[in-house]
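A.B. asks: Dumping the structure here so I can ask a few things about it.
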Amino acid sequence: MRSLAVVAVVLALAGCTNQSPTGRGQTLLFSQEQMREMGAQSFAQIKQQEKASTDKAINAYVRCVADAVTDPALLATIDPNQKETWEVVVFESDQVNAFALPGGHIGVYTGLLKVAKTPDQLATVLGHEVAHVLADHGNEQVSRAQMTNAGLEIVQIALGASGTENQDLIMAGLGLGAQVGIALPFGRQQESEADVVGLELMAKAGFDPAASVELWRNMAKASGGAPPELLSTHPSHSTRIQDLQQMQAQAQGWYQQAKGQGRHPGCRVPR
């Protein structure tokens with residue numbers, strides 16, 4: 001009876017489908033309200049753990065770029081349901097990182113500003129992170145994790161019923177297979193999609209998309225020995241740069257159109 005119940009759960013979970021901004025099929029198990037609550041809780045925890053920067057110039061600069069990329073009219077062209085008032089916090093840390101969470105939360109580590117050296121480069125990163133939220137990637141990841149765990153439970157039940165030897169070893173192997181075969185490639189797919197949507201966001205916000213290529217060249221220098229693409233949740237820097245170069249013609253069209261509409265963010269790097 002237990003195995004039948006788990007099978008029923010997996011089938012029910014697999015039936016909840018959606019489409020990402022690029023038209024890719026998604027399985028989403030959580031409501032937008034649930035994701036907003038998760039995002040708010042996570043951000044509150046991060047703010048307790050990390051030290052917020054008190055540098056007014058840096059905060060104003062990051063806020064300027066973030067405001068341009070999260071302009072409600074701009075986000076509505078990607079996802080009409082995104083009507084958040086975005087909270088932006090700069091954290092005092094050497095981490096070369098930034099993130100965005102469901103519910104309208106952006107965190108930027110000051111270490112990123114040493115690599116994303118211009119407003120256009122910073123907009124590349126923030127556009128990418130906001131794109132993860134617009135594309136429901138967080139929902140997708142937690143949904144996948146839930147379904148994977150349910151699937152592994154079914155196998156474990158079947159192994160127990162059949163009296164198979166070395167069950168622990170088999171389950172460990174299946175767990176690794178799920179990580180390498182599902183989670184990692186799926187993460188790369190999300191990252192590439194966020195690059196596409198993020199490039200559109202930053203270009204339409206009035207930032208030069210050519211800076212995206214320079215940003216990832218800077219990232220490649222800063223990251224040193226990154227793991228092989230096969231065993232990484234992110235595309236390699238060379239793959240990323242190549243993909244962004246191929247998108248430049250279309251992105252430059254968005255950029256020129258934004259300038260024609262008077263979109264000039266005018267954000268300046270603090271001295």
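Following the order of the structure tokens, chains are lettered A, B, ..., residues in each are numbered from 1, and ligands are numbered from 1.
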If you count only C-alpha atoms, which residues fall within 9 Å of range 257-261 of chain A, apart from same-chain ones fewer than 5 positions away, as a ChimeraX atom specification?
C.D. replies: /A:203-207,252
A.B. asks: Could you jot down the CA of Ala251 in chain A to CA of Gly107 in chain A separation for me, Å, one decimal place?
C.D. replies: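 Between CA of Ala251 in chain A and CA of Gly107 in chain A the gap is 25.4 Å.
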A.B. asks: I'd like to know which of A:Ala44, A:Leu201, A:Val213, A:Val62 is closest to Pro119 in chain A, using only C-alpha atoms.
C.D. replies: A:Val62
A.B. asks: May I have the residues within 10 Å of Val133 in chain A as a PyMOL selection string, using only C-alpha atoms and disregarding those fewer than 6 positions away in the same chain?
C.D. replies: chain A and resi 35+39+79+82+99-105+139+194
A.B. asks: Taking 4 positions as the minimum chain separation for residues in the same chain, which residues sit within 8 Å of Thr70 in chain A when counting only C-alpha atoms? Answer as a VMD selection string.
C.D. replies: chain A and resid 66 74 to 75 86 130
A.B. asks: Take the residues that were just selected and, keeping C-alpha atoms, output them as an mmCIF file, in the first residue's frame.
C.D. replies:
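Produced file result-v8.cif, reproduced below:
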data_model
loop_
_atom_site.group_PDB
_atom_site.id
_atom_site.type_symbol
_atom_site.label_atom_id
_atom_site.label_comp_id
_atom_site.auth_asym_id
_atom_site.auth_seq_id
_atom_site.Cartn_x
_atom_site.Cartn_y
_atom_site.Cartn_z
ATOM 1 C CA ALA A 66 18.943 47.222 -9.482
ATOM 2 C CA LEU A 74 10.265 46.187 -17.929
ATOM 3 C CA LEU A 75 9.589 43.078 -15.835
ATOM 4 C CA TRP A 86 12.303 44.964 -4.786
ATOM 5 C CA VAL A 130 16.339 38.463 -11.416
#
A.B. asks: Give me, as a list of chain:residue names, all polymer residues having an atom no more than 9 Å from Ser238 in chain A, counting only C-alpha atoms and skipping those fewer than 3 positions away in the same chain.
C.D. replies: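 Selected residues are A:Trp216, A:Arg217, A:Ala220, A:Pro235, A:Ile241, A:Gln242, A:Asp243.
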A.B. asks: Suppose we keep N, CA and C atoms; can you now write the selection as a PDB file, in the first residue's frame?
C.D. replies:
ATOM      1  N   TRP A 216      31.937  38.143 -18.101  1.00  0.00           N
ATOM      2  CA  TRP A 216      32.255  36.724 -17.918  1.00  0.00           C
ATOM      3  C   TRP A 216      33.729  36.428 -18.180  1.00  0.00           C
ATOM      4  N   ARG A 217      34.390  37.278 -18.950  1.00  0.00           N
ATOM      5  CA  ARG A 217      35.857  37.157 -19.066  1.00  0.00           C
ATOM      6  C   ARG A 217      36.503  37.508 -17.723  1.00  0.00           C
ATOM      7  N   ALA A 220      35.954  34.600 -15.406  1.00  0.00           N
ATOM      8  CA  ALA A 220      36.861  33.487 -15.705  1.00  0.00           C
ATOM      9  C   ALA A 220      38.221  33.704 -15.057  1.00  0.00           C
ATOM     10  N   PRO A 235      27.252  26.514 -16.618  1.00  0.00           N
ATOM     11  CA  PRO A 235      28.020  26.327 -17.863  1.00  0.00           C
ATOM     12  C   PRO A 235      29.441  26.836 -17.660  1.00  0.00           C
ATOM     13  N   ILE A 241      30.379  32.625 -22.591  1.00  0.00           N
ATOM     14  CA  ILE A 241      30.840  33.729 -23.434  1.00  0.00           C
ATOM     15  C   ILE A 241      30.423  33.507 -24.882  1.00  0.00           C
ATOM     16  N   GLN A 242      30.581  32.279 -25.365  1.00  0.00           N
ATOM     17  CA  GLN A 242      30.201  31.968 -26.741  1.00  0.00           C
ATOM     18  C   GLN A 242      28.711  32.187 -26.970  1.00  0.00           C
ATOM     19  N   ASP A 243      27.888  31.736 -26.023  1.00  0.00           N
ATOM     20  CA  ASP A 243      26.432  31.905 -26.156  1.00  0.00           C
ATOM     21  C   ASP A 243      26.045  33.383 -26.138  1.00  0.00           C
TER      22      ASP A 243
END
A.B. asks: To one decimal in Å, tell me the separation between CA of Lys221 in chain A and CA of Val65 in chain A.
C.D. replies: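 Between CA of Lys221 in chain A and CA of Val65 in chain A the gap works out to 23.6 Å.
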A.B. asks: Hey, what's within 6 Å of Tyr109 in chain A if we count only C-alpha atoms and toss same-chain stuff fewer than 6 positions away? As a PyMOL selection string, please?
C.D. replies: chain A and resi 90-91+93+95+97-98
A.B. asks: Pull C-alpha atoms from the residues just selected and write them as an mmCIF file, in the first residue's frame.
C.D. replies:
data_model
loop_
_atom_site.group_PDB
_atom_site.id
_atom_site.type_symbol
_atom_site.label_atom_id
_atom_site.label_comp_id
_atom_site.auth_asym_id
_atom_site.auth_seq_id
_atom_site.Cartn_x
_atom_site.Cartn_y
_atom_site.Cartn_z
ATOM 1 C CA VAL A 90 24.574 45.171 -0.178
ATOM 2 C CA PHE A 91 26.565 42.783 2.031
ATOM 3 C CA SER A 93 31.927 40.425 1.956
ATOM 4 C CA GLN A 95 32.346 36.879 -2.070
ATOM 5 C CA ASN A 97 28.367 36.861 -5.815
ATOM 6 C CA ALA A 98 24.826 38.210 -5.941
#
A.B. asks: So, with only C-alpha atoms as the atoms that count, which of A:Gln45, A:Thr118, A:Ser143, A:Ser20 lies closest to Ile78 in chain A?
C.D. replies: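 Distance minimum relative to Ile78 in chain A lands on A:Ser20.
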